[in-house]
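Before any comments, here is the structure.
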Amino acid sequence: MDYKNLIQRIENRIKQQSVGEGSGHDWWHIDRVRKLALTLARTERADAGITELAALLHDVADWKFQNGDQTETEIVRTLLQEEGADEDIIERVSTIVTGVSFKGVGVATPMESIEGKVVQDADRLDAIGAIGIARTFAYGGHVGQSLHDPTQKPQEHASFEEYKNNKTTTINHFYEKLLLLKDRLQTDSARRLAEHRHQYMEQFLDEFYNEWEGKV
Ligand code: NI
């Protein structure tokens with residue numbers, strides 16, 4: 001199996017599909033997750049080829065954008081089959097992609113393989129820190145939610161349905177997801193990187209509330 005060639009072809013397919021996507025899941029998100037996942041893969045001794053393929057495909061059928069009846073697993077399988085991947089690779093990569101998405105605070109999303117863990121951690125790291133803040137506001141604008149409303153309190157979602165259907169504000173999204181992510185990472189390498197990104201978000205929120213109250 002010529003990994004390099006397969007990765008290149010999958011990259012081209014994904015690029016075509018995701019360039020210019022406006023809600024923070026565009027090609028550059030995928031490219032950042034790929035780089036970060038490969039960085040984590042080196043320290044965690046994960047297989048680089050599987051990691052890279054799964055990172056490239058991790059948002060391919062994201063529930064926020066999905067149309068049609070094909071399941072996530074089917075979309076990934078079809079793509080990899082069309083590009084001539086071996087069954088073993090298809091199996092490993094589609095299992096990871098299916099398990100990657102965040103489905104709400106009370107919903108566990110266990111990841112068994114180390115490649116799955118680094119891809120999920122990389123995806124979560126890209127949701128926090130300076131880039132996380134930027135993406136959150138971009139997504140908020142995309143779905144038309146307000147920046148902040150002090151009368152609306154953050155919610156804890158017990159199920160994926162609740163999380164998906166929730167109307168929230170962008171600031172509440174920090175409490176419903178972003179600030180929880182550092183404790184939901186699965187590798188030590190990711191936990192180390194998350195520390196700084198997490199502090200940066202807390203600092204941002206302090207500034208935001210101070211400005212909101214006209215204090216600074
Ligand atoms: Ni993603």
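Residues in the structure tokens are named by chain (A, B, ... in the order shown) and by number from 1 within that chain; ligands are numbered from 1 in the order shown.
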Segment 58-155 of chain A: residues DSSP assigns to alpha helix (DSSP H), reported as a VMD selection string: chain A and resid 72 to 82 87 to 100 114 to 125 129 to 143
Could you take the residues named above and write them with C-alpha atoms, as a tab-separated table (two decimals), in the first residue's frame?
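again26.tsv was written with the following content:
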```
chain	number	residue	atom	x	y	z
A	72	GLU	CA	-20.47	9.05	8.47
A	73	THR	CA	-18.97	5.56	8.26
A	74	GLU	CA	-20.38	5.05	4.77
A	75	ILE	CA	-19.01	8.37	3.51
A	76	VAL	CA	-15.51	7.59	4.83
A	77	ARG	CA	-15.61	4.01	3.50
A	78	THR	CA	-16.72	5.12	0.04
A	79	LEU	CA	-14.02	7.79	-0.19
A	80	LEU	CA	-11.23	5.46	0.89
A	81	GLN	CA	-12.47	2.65	-1.35
A	82	GLU	CA	-12.59	4.98	-4.34
A	87	GLU	CA	-9.71	-2.95	3.91
A	88	ASP	CA	-7.54	-2.86	7.04
A	89	ILE	CA	-6.92	0.87	6.63
A	90	ILE	CA	-10.56	1.56	5.80
A	91	GLU	CA	-11.65	-0.25	8.96
A	92	ARG	CA	-9.20	1.54	11.26
A	93	VAL	CA	-9.80	5.01	9.81
A	94	SER	CA	-13.60	4.82	9.66
A	95	THR	CA	-13.77	3.62	13.28
A	96	ILE	CA	-11.78	6.69	14.36
A	97	VAL	CA	-13.78	9.17	12.29
A	98	THR	CA	-17.08	7.85	13.64
A	99	GLY	CA	-15.91	8.33	17.22
A	100	VAL	CA	-14.35	11.79	16.94
A	114	ILE	CA	-3.90	5.62	20.10
A	115	GLU	CA	-4.35	7.06	16.58
A	116	GLY	CA	-7.96	7.85	17.47
A	117	LYS	CA	-6.87	9.48	20.69
A	118	VAL	CA	-4.37	11.83	19.05
A	119	VAL	CA	-6.81	12.85	16.29
A	120	GLN	CA	-9.56	13.55	18.81
A	121	ASP	CA	-7.14	15.47	21.04
A	122	ALA	CA	-5.86	17.52	18.10
A	123	ASP	CA	-9.43	18.36	17.08
A	124	ARG	CA	-10.22	19.43	20.63
A	125	LEU	CA	-7.04	21.52	20.93
A	129	GLY	CA	-7.01	28.93	22.68
A	130	ALA	CA	-6.85	31.91	20.30
A	131	ILE	CA	-7.99	29.84	17.34
A	132	GLY	CA	-10.77	28.31	19.40
A	133	ILE	CA	-12.04	31.77	20.32
A	134	ALA	CA	-11.96	32.90	16.68
A	135	ARG	CA	-13.72	29.75	15.47
A	136	THR	CA	-16.39	29.96	18.16
A	137	PHE	CA	-17.41	33.46	17.12
A	138	ALA	CA	-17.27	32.51	13.45
A	139	TYR	CA	-19.57	29.54	14.15
A	140	GLY	CA	-21.87	31.71	16.28
A	141	GLY	CA	-22.26	34.14	13.39
A	142	HIS	CA	-22.84	31.27	10.99
A	143	VAL	CA	-25.81	29.96	12.99
```
Write out as a Markdown table a residue-level contact list of chain A versus ligand 1 with cut-off 10 Å: for each qualifying residue the closest pair of atoms and the distance in Å to one decimal, counting only C-alpha atoms and all ligand atoms, rows sorted by chain and residue number upward.
```
| residue | atom | partner | partner_atom_place_in_ligand_line | distance |
| --- | --- | --- | --- | --- |
| A:Gly24 | CA | ligand 1 | 1 (Ni) | 8.6 |
| A:His25 | CA | ligand 1 | 1 (Ni) | 6.2 |
| A:Asp26 | CA | ligand 1 | 1 (Ni) | 8.9 |
| A:Trp27 | CA | ligand 1 | 1 (Ni) | 10.0 |
| A:His29 | CA | ligand 1 | 1 (Ni) | 6.7 |
| A:Ile30 | CA | ligand 1 | 1 (Ni) | 6.5 |
| A:Asp31 | CA | ligand 1 | 1 (Ni) | 9.9 |
| A:Arg32 | CA | ligand 1 | 1 (Ni) | 9.5 |
| A:Val33 | CA | ligand 1 | 1 (Ni) | 7.2 |
| A:Arg34 | CA | ligand 1 | 1 (Ni) | 10.0 |
| A:Ala55 | CA | ligand 1 | 1 (Ni) | 8.3 |
| A:Leu56 | CA | ligand 1 | 1 (Ni) | 9.3 |
| A:Leu57 | CA | ligand 1 | 1 (Ni) | 9.1 |
| A:His58 | CA | ligand 1 | 1 (Ni) | 6.2 |
| A:Asp59 | CA | ligand 1 | 1 (Ni) | 5.2 |
| A:Val60 | CA | ligand 1 | 1 (Ni) | 8.9 |
| A:Asp62 | CA | ligand 1 | 1 (Ni) | 8.0 |
| A:Val100 | CA | ligand 1 | 1 (Ni) | 8.2 |
| A:Ser101 | CA | ligand 1 | 1 (Ni) | 7.5 |
| A:Phe102 | CA | ligand 1 | 1 (Ni) | 9.3 |
| A:Val119 | CA | ligand 1 | 1 (Ni) | 9.2 |
| A:Gln120 | CA | ligand 1 | 1 (Ni) | 8.4 |
| A:Ala122 | CA | ligand 1 | 1 (Ni) | 8.6 |
| A:Asp123 | CA | ligand 1 | 1 (Ni) | 5.1 |
| A:Arg124 | CA | ligand 1 | 1 (Ni) | 7.7 |
| A:Leu125 | CA | ligand 1 | 1 (Ni) | 9.8 |
| A:Asp126 | CA | ligand 1 | 1 (Ni) | 7.8 |
| A:Ala127 | CA | ligand 1 | 1 (Ni) | 8.1 |
```
With a distance cut-off of 7 Å and only C-alpha atoms, select the neighbouring residues of segment 193-206 of chain A, excluding the residue or stretch itself and same-chain residues fewer than 4 positions from it, and output the selection as a PDB file with N, CA, C and O atoms, in the first residue's frame.
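As written to disk, around-v5.pdb reads:
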```
ATOM      1  N   LEU A 125      -7.992  20.410  20.717  1.00  0.00           N
ATOM      2  CA  LEU A 125      -7.045  21.517  20.930  1.00  0.00           C
ATOM      3  C   LEU A 125      -7.317  22.660  19.956  1.00  0.00           C
ATOM      4  O   LEU A 125      -7.159  23.827  20.292  1.00  0.00           O
ATOM      5  N   ILE A 128      -9.830  25.225  21.227  1.00  0.00           N
ATOM      6  CA  ILE A 128      -9.545  26.105  22.360  1.00  0.00           C
ATOM      7  C   ILE A 128      -8.381  27.050  22.014  1.00  0.00           C
ATOM      8  O   ILE A 128      -7.800  26.960  20.944  1.00  0.00           O
ATOM      9  N   GLY A 129      -8.060  27.963  22.941  1.00  0.00           N
ATOM     10  CA  GLY A 129      -7.007  28.932  22.684  1.00  0.00           C
ATOM     11  C   GLY A 129      -7.468  30.022  21.734  1.00  0.00           C
ATOM     12  O   GLY A 129      -8.669  30.189  21.490  1.00  0.00           O
ATOM     13  N   LEU A 179     -14.363  25.331  27.802  1.00  0.00           N
ATOM     14  CA  LEU A 179     -13.604  25.273  29.046  1.00  0.00           C
ATOM     15  C   LEU A 179     -13.565  23.864  29.637  1.00  0.00           C
ATOM     16  O   LEU A 179     -12.820  23.584  30.568  1.00  0.00           O
ATOM     17  N   LYS A 182     -10.156  20.766  28.195  1.00  0.00           N
ATOM     18  CA  LYS A 182      -8.815  20.395  28.682  1.00  0.00           C
ATOM     19  C   LYS A 182      -8.861  19.165  29.609  1.00  0.00           C
ATOM     20  O   LYS A 182      -7.880  18.432  29.703  1.00  0.00           O
ATOM     21  N   SER A 189       0.590  14.459  26.032  1.00  0.00           N
ATOM     22  CA  SER A 189       1.146  15.472  25.127  1.00  0.00           C
ATOM     23  C   SER A 189       0.112  16.566  24.854  1.00  0.00           C
ATOM     24  O   SER A 189       0.442  17.748  24.817  1.00  0.00           O
ATOM     25  N   ASN A 210     -15.252  42.555  31.736  1.00  0.00           N
ATOM     26  CA  ASN A 210     -14.878  43.885  32.177  1.00  0.00           C
ATOM     27  C   ASN A 210     -15.314  44.940  31.182  1.00  0.00           C
ATOM     28  O   ASN A 210     -15.845  45.984  31.553  1.00  0.00           O
TER      29      ASN A 210
END
```
